[in-house]
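The file upload_0.pdb comes next; it holds PDB, C-alpha atoms and all ligand atoms.
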```pdb
ATOM      1  CA  MET Q 639       1.256   9.776   0.952
ATOM      2  CA  ARG Q 640      -2.396   9.736   1.926
ATOM      3  CA  LEU Q 641      -4.115   6.557   3.085
ATOM      4  CA  GLN Q 642      -7.832   6.238   3.620
ATOM      5  CA  ILE Q 643      -9.183   3.153   5.347
ATOM      6  CA  LEU Q 644     -12.430   2.090   3.640
ATOM      7  CA  GLY Q 645     -12.857  -1.044   5.726
ATOM      8  CA  CYS Q 646     -10.732  -2.710   8.390
ATOM      9  CA  TRP Q 647     -12.715  -5.590   9.899
ATOM     10  CA  ALA Q 648     -12.323  -9.342   9.448
ATOM     11  CA  ALA Q 649     -14.816 -11.843   8.051
ATOM     12  CA  ALA Q 650     -18.164 -10.314   6.974
ATOM     13  CA  PRO Q 651     -19.414  -6.741   6.571
ATOM     14  CA  ASN Q 652     -22.397  -5.435   8.507
ATOM     15  CA  SER Q 653     -24.138  -2.101   9.028
ATOM     16  CA  LYS Q 654     -21.294  -0.801  11.213
ATOM     17  CA  HIS Q 655     -18.235  -2.593   9.886
ATOM     18  CA  ARG Q 656     -16.676  -2.918   6.433
ATOM     19  CA  THR Q 657     -14.096  -5.545   5.516
ATOM     20  CA  THR Q 658     -10.672  -4.836   4.057
ATOM     21  CA  SER Q 659     -10.232  -2.119   1.488
ATOM     22  CA  GLN Q 660      -8.070   1.018   1.381
ATOM     23  CA  VAL Q 661      -7.137   3.772  -1.028
ATOM     24  CA  LEU Q 662      -3.575   5.048  -1.156
ATOM     25  CA  GLU Q 663      -2.582   8.271  -2.891
ATOM     26  CA  VAL Q 664       1.059   8.549  -3.979
ATOM     27  CA  ASN Q 665       2.377  11.297  -6.249
ATOM     28  CA  GLY Q 666      -0.878  11.509  -8.213
ATOM     29  CA  HIS Q 667      -1.584   7.752  -8.323
ATOM     30  CA  LEU Q 668      -4.767   6.601  -6.577
ATOM     31  CA  LEU Q 669      -4.427   2.914  -5.742
ATOM     32  CA  LEU Q 670      -7.065   0.560  -4.414
ATOM     33  CA  LEU Q 671      -5.745  -2.047  -1.954
ATOM     34  CA  ASP Q 672      -8.086  -5.020  -1.625
ATOM     35  CA  CYS Q 673     -11.694  -4.714  -2.673
ATOM     36  CA  ALA Q 674     -14.116  -6.107  -0.115
ATOM     37  CA  GLU Q 675     -17.849  -6.407  -0.591
ATOM     38  CA  ALA Q 676     -19.509  -2.959  -0.846
ATOM     39  CA  THR Q 677     -16.225  -1.197  -1.656
ATOM     40  CA  GLN Q 678     -17.906   0.718  -4.500
ATOM     41  CA  ILE Q 679     -20.484   2.076  -2.059
ATOM     42  CA  THR Q 680     -17.767   3.080   0.421
ATOM     43  CA  LEU Q 681     -15.818   4.779  -2.379
ATOM     44  CA  ARG Q 682     -18.924   6.828  -3.188
ATOM     45  CA  GLN Q 683     -19.511   7.655   0.481
ATOM     46  CA  HIS Q 684     -16.016   9.133   0.622
ATOM     47  CA  ARG Q 685     -16.434  10.872  -2.769
ATOM     48  CA  ILE Q 686     -13.477   9.081  -4.330
ATOM     49  CA  LYS Q 687     -13.558   9.413  -8.100
ATOM     50  CA  PHE Q 688     -13.813   6.042  -9.850
ATOM     51  CA  THR Q 689     -12.025   7.456 -12.901
ATOM     52  CA  ARG Q 690      -8.856   7.978 -10.862
ATOM     53  CA  ILE Q 691      -8.465   4.266 -10.075
ATOM     54  CA  HIS Q 692      -6.213   2.458 -12.553
ATOM     55  CA  HIS Q 693      -4.477  -0.082 -10.308
ATOM     56  CA  ILE Q 694      -6.015  -2.545  -7.843
ATOM     57  CA  PHE Q 695      -3.813  -4.678  -5.586
ATOM     58  CA  ILE Q 696      -5.423  -7.782  -4.073
ATOM     59  CA  SER Q 697      -3.690  -9.498  -1.142
ATOM     60  CA  HIS Q 698      -5.361 -12.904  -1.463
ATOM     61  CA  LEU Q 699      -8.474 -14.702  -2.610
ATOM     62  CA  HIS Q 700     -10.577 -14.634   0.551
ATOM     63  CA  GLY Q 701     -14.040 -13.138   0.329
ATOM     64  CA  ASP Q 702     -13.440 -10.348   2.837
ATOM     65  CA  HIS Q 703     -10.738  -8.941   0.509
ATOM     66  CA  VAL Q 704     -12.095  -9.525  -2.953
ATOM     67  CA  LEU Q 705     -15.886  -9.881  -3.108
ATOM     68  CA  GLY Q 706     -16.378  -6.273  -4.232
ATOM     69  CA  LEU Q 707     -14.113  -6.563  -7.253
ATOM     70  CA  VAL Q 708     -16.486  -7.834  -9.922
ATOM     71  CA  GLY Q 709     -19.223  -5.389  -8.909
ATOM     72  CA  LEU Q 710     -16.780  -2.514  -9.187
ATOM     73  CA  ILE Q 711     -15.538  -3.726 -12.580
ATOM     74  CA  MET Q 712     -19.137  -3.894 -13.865
ATOM     75  CA  THR Q 713     -19.941  -0.420 -12.532
ATOM     76  CA  PHE Q 714     -16.858   0.966 -14.303
ATOM     77  CA  ARG Q 715     -18.377  -0.300 -17.552
ATOM     78  CA  MET Q 716     -21.737   1.334 -16.816
ATOM     79  CA  LEU Q 717     -19.813   4.591 -16.314
ATOM     80  CA  ASN Q 718     -18.322   4.171 -19.823
ATOM     81  CA  ARG Q 719     -14.798   3.653 -18.648
ATOM     82  CA  ALA Q 720     -12.292   3.512 -21.514
ATOM     83  CA  LYS Q 721      -8.936   3.390 -19.715
ATOM     84  CA  PRO Q 722      -7.337   0.028 -18.865
ATOM     85  CA  LEU Q 723      -7.668  -1.356 -15.349
ATOM     86  CA  HIS Q 724      -4.623  -3.168 -13.928
ATOM     87  CA  ILE Q 725      -5.326  -5.870 -11.352
ATOM     88  CA  TYR Q 726      -2.527  -7.448  -9.312
ATOM     89  CA  GLY Q 727      -3.233 -10.516  -7.209
ATOM     90  CA  PRO Q 728      -2.607 -14.215  -6.655
ATOM     91  CA  LYS Q 729      -2.706 -16.713  -9.483
ATOM     92  CA  GLY Q 730      -6.397 -17.482 -10.018
ATOM     93  CA  ILE Q 731      -7.589 -13.892  -9.808
ATOM     94  CA  LYS Q 732      -8.115 -13.669 -13.559
ATOM     95  CA  ASN Q 733     -10.324 -16.739 -13.526
ATOM     96  CA  PHE Q 734     -12.126 -15.431 -10.412
ATOM     97  CA  VAL Q 735     -13.076 -12.244 -12.274
ATOM     98  CA  CYS Q 736     -13.620 -13.622 -15.756
ATOM     99  CA  SER Q 737     -15.711 -16.625 -14.715
ATOM    100  CA  GLN Q 738     -18.123 -14.364 -12.817
ATOM    101  CA  LEU Q 739     -18.372 -11.963 -15.732
ATOM    102  CA  LYS Q 740     -19.036 -14.915 -18.049
ATOM    103  CA  SER Q 741     -21.711 -16.371 -15.752
ATOM    104  CA  LEU Q 742     -23.442 -13.007 -15.769
ATOM    105  CA  SER Q 743     -23.096 -12.605 -19.557
ATOM    106  CA  ALA Q 744     -21.229  -9.437 -18.649
ATOM    107  CA  TYR Q 745     -18.152  -7.930 -20.274
ATOM    108  CA  THR Q 746     -16.077  -4.764 -20.226
ATOM    109  CA  ASP Q 747     -15.478  -2.285 -23.051
ATOM    110  CA  TYR Q 748     -12.178  -1.332 -21.472
ATOM    111  CA  PRO Q 749      -9.071  -3.535 -21.120
ATOM    112  CA  LEU Q 750      -8.640  -5.587 -17.945
ATOM    113  CA  ILE Q 751      -4.952  -6.326 -17.454
ATOM    114  CA  PHE Q 752      -4.054  -8.972 -14.897
ATOM    115  CA  LYS Q 753      -0.715  -9.529 -13.209
ATOM    116  CA  GLU Q 754      -0.994 -12.898 -11.488
ATOM    117  CA  LEU Q 755       1.460 -13.590  -8.670
ATOM    118  CA  GLU Q 756       2.790 -16.973  -7.593
ATOM    119  CA  ARG Q 757       6.306 -16.356  -6.275
ATOM    120  CA  ASN Q 758       7.227 -16.799  -2.633
ATOM    121  CA  ALA Q 759       9.978 -14.188  -2.784
ATOM    122  CA  PRO Q 760       9.572 -10.396  -3.021
ATOM    123  CA  GLU Q 761       9.256  -9.079  -6.592
ATOM    124  CA  VAL Q 762       8.814  -5.637  -8.121
ATOM    125  CA  ILE Q 763       5.454  -5.684  -9.906
ATOM    126  CA  PHE Q 764       5.045  -2.022 -10.856
ATOM    127  CA  GLU Q 765       7.461   0.846 -11.391
ATOM    128  CA  ASP Q 766       7.237   4.263 -13.025
ATOM    129  CA  ASN Q 767       8.804   7.674 -12.368
ATOM    130  CA  LYS Q 768       6.557   8.247  -9.333
ATOM    131  CA  LEU Q 769       6.143   4.901  -7.596
ATOM    132  CA  LYS Q 770       7.530   1.403  -7.105
ATOM    133  CA  VAL Q 771       5.463  -1.531  -5.807
ATOM    134  CA  THR Q 772       7.079  -4.697  -4.405
ATOM    135  CA  THR Q 773       5.347  -7.780  -3.045
ATOM    136  CA  ILE Q 774       5.766  -8.824   0.599
ATOM    137  CA  PRO Q 775       5.202 -12.606   0.931
ATOM    138  CA  LEU Q 776       2.892 -13.381   3.869
ATOM    139  CA  LYS Q 777       2.012 -16.538   5.797
ATOM    140  CA  HIS Q 778      -1.713 -17.243   5.622
ATOM    141  CA  ARG Q 779      -3.970 -20.263   5.087
ATOM    142  CA  ILE Q 780      -3.764 -19.632   1.347
ATOM    143  CA  TYR Q 781      -1.200 -17.862  -0.842
ATOM    144  CA  ALA Q 782      -1.120 -14.177   0.168
ATOM    145  CA  ASN Q 783       1.023 -11.116  -0.462
ATOM    146  CA  GLY Q 784       1.392  -7.767   1.200
ATOM    147  CA  TYR Q 785       2.594  -4.830  -0.873
ATOM    148  CA  LEU Q 786       5.260  -2.221  -0.312
ATOM    149  CA  PHE Q 787       4.573   1.150  -1.953
ATOM    150  CA  GLU Q 788       7.619   3.393  -2.338
ATOM    151  CA  GLU Q 789       7.921   6.841  -3.831
ATOM    152  CA  ALA Q 790      10.434   7.027  -6.674
ATOM    153  CA  PRO Q 791      13.707   8.668  -5.567
ATOM    154  CA  LYS Q 792      13.568  12.446  -5.865
ATOM    155  CA  ASP Q 793      16.120  14.705  -7.585
ATOM    156  CA  ARG Q 794      18.974  16.117  -5.499
ATOM    157  CA  LYS Q 795      18.282  19.469  -3.840
ATOM    158  CA  LEU Q 796      19.958  22.428  -5.542
ATOM    159  CA  LEU Q 797      21.921  24.754  -3.213
ATOM    160  CA  LEU Q 798      20.947  27.935  -5.007
ATOM    161  CA  SER Q 799      23.413  30.265  -3.291
ATOM    162  CA  LYS Q 800      26.330  27.984  -4.274
ATOM    163  CA  VAL Q 801      25.159  27.651  -7.865
ATOM    164  CA  LEU Q 802      24.708  31.423  -8.240
ATOM    165  CA  ASN Q 803      28.127  32.017  -6.676
ATOM    166  CA  TYR Q 804      29.719  30.137  -9.579
ATOM    167  CA  ASN Q 805      27.507  31.970 -12.131
ATOM    168  CA  ILE Q 806      26.257  28.642 -13.472
ATOM    169  CA  ASP Q 807      23.626  29.054 -16.180
ATOM    170  CA  LYS Q 808      20.047  27.922 -15.420
ATOM    171  CA  ALA Q 809      20.214  25.534 -18.368
ATOM    172  CA  TYR Q 810      22.449  23.249 -16.260
ATOM    173  CA  PHE Q 811      20.183  23.154 -13.188
ATOM    174  CA  ASN Q 812      18.368  19.995 -14.240
ATOM    175  CA  SER Q 813      21.513  17.993 -14.859
ATOM    176  CA  ILE Q 814      22.954  19.218 -11.529
ATOM    177  CA  LYS Q 815      19.791  17.979  -9.780
ATOM    178  CA  LYS Q 816      20.364  14.593 -11.453
ATOM    179  CA  GLY Q 817      23.844  14.433  -9.840
ATOM    180  CA  LYS Q 818      26.150  15.720 -12.617
ATOM    181  CA  ASP Q 819      29.372  17.655 -11.938
ATOM    182  CA  ILE Q 820      29.849  20.995 -13.733
ATOM    183  CA  LEU Q 821      32.816  22.133 -15.811
ATOM    184  CA  LEU Q 822      33.164  25.925 -15.597
ATOM    185  CA  ASP Q 823      34.369  28.042 -18.566
ATOM    186  CA  SER Q 824      37.639  28.470 -16.639
ATOM    187  CA  GLY Q 825      38.162  24.704 -16.899
ATOM    188  CA  VAL Q 826      37.578  24.122 -13.171
ATOM    189  CA  CYS Q 827      35.344  21.138 -12.341
ATOM    190  CA  ILE Q 828      32.804  21.667  -9.543
ATOM    191  CA  LYS Q 829      31.767  18.467  -7.835
ATOM    192  CA  ASN Q 830      28.067  17.848  -7.514
ATOM    193  CA  GLU Q 831      28.304  17.430  -3.724
ATOM    194  CA  GLU Q 832      29.296  21.100  -3.492
ATOM    195  CA  LEU Q 833      26.188  22.247  -5.383
ATOM    196  CA  THR Q 834      23.483  19.964  -4.003
ATOM    197  CA  GLU Q 835      22.335  18.107  -0.923
ATOM    198  CA  ASP Q 836      20.547  14.794  -0.508
ATOM    199  CA  PRO Q 837      16.819  14.825  -1.332
ATOM    200  CA  PRO Q 838      14.327  13.806   1.371
ATOM    201  CA  PRO Q 839      14.122   9.999   1.624
ATOM    202  CA  PRO Q 840      11.310   8.371  -0.397
ATOM    203  CA  LYS Q 841       8.136   7.802   1.586
ATOM    204  CA  ARG Q 842       7.097   4.189   2.088
ATOM    205  CA  TYR Q 843       3.929   2.312   3.038
ATOM    206  CA  ALA Q 844       3.766  -1.432   3.749
ATOM    207  CA  PHE Q 845       0.338  -3.110   3.609
ATOM    208  CA  CYS Q 846       0.344  -6.544   5.298
ATOM    209  CA  THR Q 847      -2.907  -8.483   5.632
ATOM    210  CA  ASP Q 848      -3.764 -11.387   6.239
ATOM    211  CA  THR Q 849      -0.874 -13.128   7.934
ATOM    212  CA  ALA Q 850       0.214 -15.175  10.907
ATOM    213  CA  TYR Q 851       3.220 -13.862  12.871
ATOM    214  CA  TYR Q 852       5.954 -14.048  10.236
ATOM    215  CA  PRO Q 853       9.390 -12.515  11.023
ATOM    216  CA  PRO Q 854      10.571 -12.530   7.335
ATOM    217  CA  ILE Q 855       8.175  -9.571   6.833
ATOM    218  CA  ALA Q 856      10.290  -7.515   9.241
ATOM    219  CA  GLU Q 857      13.549  -8.771   7.705
ATOM    220  CA  GLN Q 858      12.426  -7.693   4.225
ATOM    221  CA  LEU Q 859      11.242  -4.265   5.380
ATOM    222  CA  LYS Q 860      14.342  -3.551   7.453
ATOM    223  CA  LYS Q 861      16.623  -4.250   4.497
ATOM    224  CA  ILE Q 862      14.755  -1.759   2.305
ATOM    225  CA  GLY Q 863      15.161   1.242   4.606
ATOM    226  CA  THR Q 864      12.895   3.341   6.777
ATOM    227  CA  ILE Q 865       9.237   2.391   6.430
ATOM    228  CA  ASP Q 866       7.044   5.361   7.375
ATOM    229  CA  VAL Q 867       3.876   3.373   7.967
ATOM    230  CA  LEU Q 868       3.188  -0.344   8.353
ATOM    231  CA  TYR Q 869      -0.391  -1.622   8.257
ATOM    232  CA  HIS Q 870      -0.352  -5.040   9.909
ATOM    233  CA  GLU Q 871      -3.354  -7.181  10.598
ATOM    234  CA  ALA Q 872      -4.318  -7.833  14.236
ATOM    235  CA  THR Q 873      -7.281 -10.164  14.136
ATOM    236  CA  PHE Q 874      -6.972 -11.290  17.739
ATOM    237  CA  LEU Q 875      -6.038 -10.188  21.249
ATOM    238  CA  ASN Q 876      -3.706 -12.313  23.372
ATOM    239  CA  SER Q 877      -6.693 -14.047  24.962
ATOM    240  CA  HIS Q 878      -7.285 -15.775  21.594
ATOM    241  CA  GLU Q 879      -3.655 -16.307  20.587
ATOM    242  CA  HIS Q 880      -4.294 -20.063  20.257
ATOM    243  CA  LEU Q 881      -6.481 -19.276  17.198
ATOM    244  CA  CYS Q 882      -3.654 -17.575  15.293
ATOM    245  CA  ILE Q 883      -1.904 -20.619  13.849
ATOM    246  CA  PRO Q 884      -5.032 -22.531  12.697
ATOM    247  CA  THR Q 885      -6.507 -19.397  11.090
ATOM    248  CA  GLY Q 886      -3.289 -17.828   9.770
ATOM    249  CA  HIS Q 887      -3.779 -14.562  11.629
ATOM    250  CA  SER Q 888      -1.908 -12.454  14.205
ATOM    251  CA  THR Q 889      -2.475 -10.834  17.568
ATOM    252  CA  ALA Q 890      -2.001  -7.120  18.141
ATOM    253  CA  GLN Q 891       1.125  -7.859  20.178
ATOM    254  CA  GLN Q 892       2.581  -9.908  17.322
ATOM    255  CA  ALA Q 893       1.903  -6.995  14.957
ATOM    256  CA  GLY Q 894       3.769  -4.762  17.411
ATOM    257  CA  LYS Q 895       6.691  -7.216  17.397
ATOM    258  CA  ILE Q 896       6.924  -7.048  13.597
ATOM    259  CA  ALA Q 897       6.806  -3.219  13.700
ATOM    260  CA  LYS Q 898       9.587  -3.163  16.295
ATOM    261  CA  ALA Q 899      11.785  -5.664  14.433
ATOM    262  CA  ALA Q 900      11.301  -3.761  11.146
ATOM    263  CA  ALA Q 901      12.013  -0.437  12.950
ATOM    264  CA  VAL Q 902       9.111   1.264  11.174
ATOM    265  CA  LYS Q 903       8.043   4.759  12.185
ATOM    266  CA  GLN Q 904       4.346   4.061  12.679
ATOM    267  CA  LEU Q 905       2.092   0.997  12.943
ATOM    268  CA  ILE Q 906      -1.581   0.851  11.989
ATOM    269  CA  LEU Q 907      -3.576  -2.138  13.210
ATOM    270  CA  GLY Q 908      -6.621  -3.553  11.438
ATOM    271  CA  HIS Q 909      -8.561  -6.673  10.384
ATOM    272  CA  TYR Q 910     -10.099  -6.959  13.851
ATOM    273  CA  SER Q 911     -12.349  -9.859  14.690
ATOM    274  CA  THR Q 912     -15.848  -8.508  15.346
ATOM    275  CA  ARG Q 913     -16.023 -10.648  18.512
ATOM    276  CA  TYR Q 914     -14.398  -7.742  20.400
ATOM    277  CA  GLY Q 915     -16.610  -4.922  21.612
ATOM    278  CA  HIS Q 916     -13.955  -2.216  21.804
ATOM    279  CA  LEU Q 917     -10.532  -1.668  20.325
ATOM    280  CA  GLN Q 918      -8.470  -0.036  23.105
ATOM    281  CA  ALA Q 919      -7.033  -3.417  24.113
ATOM    282  CA  PHE Q 920      -5.514  -3.764  20.610
ATOM    283  CA  ILE Q 921      -3.515  -0.568  21.187
ATOM    284  CA  ASP Q 922      -2.537  -1.612  24.720
ATOM    285  CA  GLU Q 923      -1.288  -5.055  23.678
ATOM    286  CA  SER Q 924       0.585  -3.778  20.625
ATOM    287  CA  GLN Q 925       2.249  -1.062  22.710
ATOM    288  CA  ILE Q 926       3.879  -3.728  24.897
ATOM    289  CA  GLU Q 927       6.187  -4.047  21.856
ATOM    290  CA  PHE Q 928       5.812  -0.850  19.845
ATOM    291  CA  GLU Q 929       4.749   2.535  21.165
ATOM    292  CA  ASN Q 930       3.683   4.378  18.009
ATOM    293  CA  THR Q 931       0.643   2.187  17.306
ATOM    294  CA  HIS Q 932      -2.615   3.515  15.820
ATOM    295  CA  LEU Q 933      -5.966   1.939  15.051
ATOM    296  CA  ALA Q 934      -7.457   1.706  11.601
ATOM    297  CA  ILE Q 935     -11.088   2.875  11.702
ATOM    298  CA  ASP Q 936     -13.429   2.702   8.718
ATOM    299  CA  GLY Q 937     -13.165   6.064   6.919
ATOM    300  CA  LYS Q 938     -10.068   7.282   8.806
ATOM    301  CA  VAL Q 939      -7.348   9.129   6.894
ATOM    302  CA  PHE Q 940      -3.609   8.915   7.616
ATOM    303  CA  GLU Q 941      -1.210  11.343   5.956
ATOM    304  CA  TRP Q 942       2.580  11.470   6.079
TER     305      TRP Q 942
HETATM  306 ZN    ZN Q1001      -9.316 -11.372   5.874
HETATM  307 ZN    ZN Q1002      -7.716 -14.290   4.623
END
```
Take the structure from the file and write it as structure tokens.
Ligand SMILES: [Zn+2]
Ligand SMILES: [Zn+2]
Amino acid sequence: MRLQILGCWAAAPNSKHRTTSQVLEVNGHLLLLDCAEATQITLRQHRIKFTRIHHIFISHLHGDHVLGLVGLIMTFRMLNRAKPLHIYGPKGIKNFVCSQLKSLSAYTDYPLIFKELERNAPEVIFEDNKLKVTTIPLKHRIYANGYLFEEAPKDRKLLLSKVLNYNIDKAYFNSIKKGKDILLDSGVCIKNEELTEDPPPPKRYAFCTDTAYYPPIAEQLKKIGTIDVLYHEATFLNSHEHLCIPTGHSTAQQAGKIAKAAAVKQLILGHYSTRYGHLQAFIDESQIEFENTHLAIDGKVFEW
């Protein structure tokens, strides 16, 4: 998986800071996660091809996560896009997009397909042979979801020396990789476990913004299995913890607590309030709970 942070600051963009947007590459899919103001400019700055984006996942209907969406949709039309664009987000997102297009007497020549979310329990909203996407209910001032992106399970690994030992024809290799046993001409059945080993576990990325400290996030992630990378918002430092509940946000230490409880491999912090001059304290406070903490920075790439 390859994650590029396009913007990772809270509230409003300025000349140095962009608000939330990311691109995630998984097995050939290029997914856009949130679409803050100026996202189309940031995409161009990082030379990300617009034609590769077919799925956009919106966490919630706050301006710092969604104000770039209609502009991007209109630019797609100017670029003569023909392929459908799938948009996943809270109930109301369709009206948010369509009412703006209508007000501007604008339209698209390509299909816009909305999947509006309103459940408060995790649900699978996309699945193909490369990727599965599940919602992660969050606790914010308004209805919000995180998203879990999981690679589809891989085929079992063929133990070539074993297979050749039994003189098994190549034509059977695919079914062996899918877990089938093999019946030899002699009538002897060879169990699949003897011919294959487990594939590497599917890679997983959990994107969680915006949210107050909410332990059910960790409970959900822990049940699923090992999460390689968790992005968790950290709007505040402990000195402003009293602002978390009224605003529906978290501190860096609370993000670290969620990472520890979910037993993830790596934590990325983001959605920083611009009131703070430097970010080292976010790492320090998160590491009270969880050592392997990293900072999102606009433009930074994470690969795993
Ligand atoms: Zn926000
Ligand atoms: Zn918000």
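Restricting the calculation to all atoms listed in the file, the smallest distance between Q:Ile935 and any of Q:Leu798, Q:Ile643, Q:Leu717, Q:Ala649 is found for Q:Ile643.
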TODO: Select, from Q:Glu788, Q:Glu941, Q:Glu663, Q:Glu765, the residue with the minimum atom-to-atom distance to Q:Ile862, counting only C-alpha atoms.
DONE: Q:Glu788
Which residues of chain Q come within 9 Å of ligand ZN 1002 (chain Q), and for each one, what is the closest pair of atoms and their distance in Å to one decimal, counting only C-alpha atoms and all ligand atoms, sorted by chain and residue number, as a tab-separated table?
```
residue	atom	partner	partner_atom	distance
Q:Ala648	CA	Q:ZN1002	ZN	8.3
Q:Ala649	CA	Q:ZN1002	ZN	8.3
Q:Ser697	CA	Q:ZN1002	ZN	8.5
Q:His698	CA	Q:ZN1002	ZN	6.7
Q:Leu699	CA	Q:ZN1002	ZN	7.3
Q:His700	CA	Q:ZN1002	ZN	5.0
Q:Gly701	CA	Q:ZN1002	ZN	7.7
Q:Asp702	CA	Q:ZN1002	ZN	7.2
Q:His703	CA	Q:ZN1002	ZN	7.4
Q:His778	CA	Q:ZN1002	ZN	6.8
Q:Arg779	CA	Q:ZN1002	ZN	7.1
Q:Ile780	CA	Q:ZN1002	ZN	7.4
Q:Ala782	CA	Q:ZN1002	ZN	8.0
Q:Thr847	CA	Q:ZN1002	ZN	7.6
Q:Asp848	CA	Q:ZN1002	ZN	5.2
Q:Thr849	CA	Q:ZN1002	ZN	7.7
Q:Thr885	CA	Q:ZN1002	ZN	8.3
Q:Gly886	CA	Q:ZN1002	ZN	7.7
Q:His887	CA	Q:ZN1002	ZN	8.0
```
- [ ] Identify, on the basis of all atoms listed in the file, every residue whose closest approach to stretch 722-733 of chain Q does not exceed 8 Å; exclude the query and any residue fewer than 5 positions from it along the same chain; express the result as a PyMOL selection string.
- [x] chain Q and resi 691-699+748-756+781-783
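When only C-alpha atoms are used to measure the gap to Q:Cys846, the shortest distance among Q:His870, Q:His932, Q:Lys861, Q:Lys800 belongs to Q:His870.
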TODO: Please identify all polymer residues within 10 Å of Q:Val801, counting only C-alpha atoms, omitting same-chain residues fewer than 6 positions from it, and present them as a PyMOL selection string.
DONE: chain Q and resi 807-808+810-811+814+828+832-834
Which residues, named as in the file, does the PyMOL selection byres (((chain Q and resi 856) around 8) and not hetatm) pick out? Answer as a CSV table (one decimal) with C-alpha atoms, in the coordinates of the input.
```csv
chain,number,residue,atom,x,y,z
Q,852,TYR,CA,6.0,-14.0,10.2
Q,853,PRO,CA,9.4,-12.5,11.0
Q,854,PRO,CA,10.6,-12.5,7.3
Q,855,ILE,CA,8.2,-9.6,6.8
Q,857,GLU,CA,13.5,-8.8,7.7
Q,858,GLN,CA,12.4,-7.7,4.2
Q,859,LEU,CA,11.2,-4.3,5.4
Q,860,LYS,CA,14.3,-3.6,7.5
Q,896,ILE,CA,6.9,-7.0,13.6
Q,897,ALA,CA,6.8,-3.2,13.7
Q,899,ALA,CA,11.8,-5.7,14.4
Q,900,ALA,CA,11.3,-3.8,11.1
```
Open item on the list: One decimal, in Å: what's the spacing between atom CA of Q:Phe787 and atom CA of Q:Val708?
Closed with: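 Between atom CA of Q:Phe787 and atom CA of Q:Val708 the gap is 24.2 Å.
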Can I get C-alpha atoms for stretch 655-701 of chain Q, as a PDB file, in the first residue's frame?
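Printed below is selection21.pdb as written:
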```
ATOM      1  CA  HIS Q 655      -1.078  24.148   5.327  1.00  0.00           C
ATOM      2  CA  ARG Q 656      -3.675  22.070   3.485  1.00  0.00           C
ATOM      3  CA  THR Q 657      -6.693  20.490   5.157  1.00  0.00           C
ATOM      4  CA  THR Q 658      -7.577  16.808   5.051  1.00  0.00           C
ATOM      5  CA  SER Q 659      -7.088  14.831   1.885  1.00  0.00           C
ATOM      6  CA  GLN Q 660      -5.058  11.710   1.068  1.00  0.00           C
ATOM      7  CA  VAL Q 661      -4.523   9.312  -1.799  1.00  0.00           C
ATOM      8  CA  LEU Q 662      -4.182   5.602  -1.125  1.00  0.00           C
ATOM      9  CA  GLU Q 663      -2.882   3.133  -3.693  1.00  0.00           C
ATOM     10  CA  VAL Q 664      -3.913  -0.503  -3.209  1.00  0.00           C
ATOM     11  CA  ASN Q 665      -3.360  -3.216  -5.813  1.00  0.00           C
ATOM     12  CA  GLY Q 666      -3.859  -0.805  -8.718  1.00  0.00           C
ATOM     13  CA  HIS Q 667      -6.739   1.178  -7.169  1.00  0.00           C
ATOM     14  CA  LEU Q 668      -6.064   4.870  -6.523  1.00  0.00           C
ATOM     15  CA  LEU Q 669      -8.486   6.100  -3.871  1.00  0.00           C
ATOM     16  CA  LEU Q 670      -9.089   9.644  -2.712  1.00  0.00           C
ATOM     17  CA  LEU Q 671      -9.842   9.968   1.018  1.00  0.00           C
ATOM     18  CA  ASP Q 672     -11.581  13.240   1.849  1.00  0.00           C
ATOM     19  CA  CYS Q 673     -11.395  16.145  -0.546  1.00  0.00           C
ATOM     20  CA  ALA Q 674     -10.539  19.424   1.145  1.00  0.00           C
ATOM     21  CA  GLU Q 675     -10.460  22.794  -0.556  1.00  0.00           C
ATOM     22  CA  ALA Q 676      -7.660  22.975  -3.171  1.00  0.00           C
ATOM     23  CA  THR Q 677      -7.308  19.183  -3.375  1.00  0.00           C
ATOM     24  CA  GLN Q 678      -7.269  19.350  -7.190  1.00  0.00           C
ATOM     25  CA  ILE Q 679      -4.315  21.740  -7.053  1.00  0.00           C
ATOM     26  CA  THR Q 680      -2.470  19.489  -4.589  1.00  0.00           C
ATOM     27  CA  LEU Q 681      -3.158  16.469  -6.811  1.00  0.00           C
ATOM     28  CA  ARG Q 682      -1.550  18.339  -9.712  1.00  0.00           C
ATOM     29  CA  GLN Q 683       1.412  19.406  -7.573  1.00  0.00           C
ATOM     30  CA  HIS Q 684       2.085  15.745  -6.824  1.00  0.00           C
ATOM     31  CA  ARG Q 685       1.452  14.712 -10.460  1.00  0.00           C
ATOM     32  CA  ILE Q 686      -1.366  12.340  -9.555  1.00  0.00           C
ATOM     33  CA  LYS Q 687      -3.379  11.428 -12.629  1.00  0.00           C
ATOM     34  CA  PHE Q 688      -7.024  12.488 -12.345  1.00  0.00           C
ATOM     35  CA  THR Q 689      -8.060   9.661 -14.676  1.00  0.00           C
ATOM     36  CA  ARG Q 690      -6.929   7.077 -12.123  1.00  0.00           C
ATOM     37  CA  ILE Q 691      -9.406   8.259  -9.474  1.00  0.00           C
ATOM     38  CA  HIS Q 692     -12.680   6.320  -9.540  1.00  0.00           C
ATOM     39  CA  HIS Q 693     -13.578   6.194  -5.842  1.00  0.00           C
ATOM     40  CA  ILE Q 694     -13.754   9.045  -3.322  1.00  0.00           C
ATOM     41  CA  PHE Q 695     -14.404   8.353   0.365  1.00  0.00           C
ATOM     42  CA  ILE Q 696     -15.645  11.285   2.457  1.00  0.00           C
ATOM     43  CA  SER Q 697     -15.485  11.019   6.256  1.00  0.00           C
ATOM     44  CA  HIS Q 698     -18.063  13.696   7.081  1.00  0.00           C
ATOM     45  CA  LEU Q 699     -19.657  16.899   5.881  1.00  0.00           C
ATOM     46  CA  HIS Q 700     -17.349  19.495   7.414  1.00  0.00           C
ATOM     47  CA  GLY Q 701     -15.759  22.024   5.098  1.00  0.00           C
TER      48      GLY Q 701
END
```
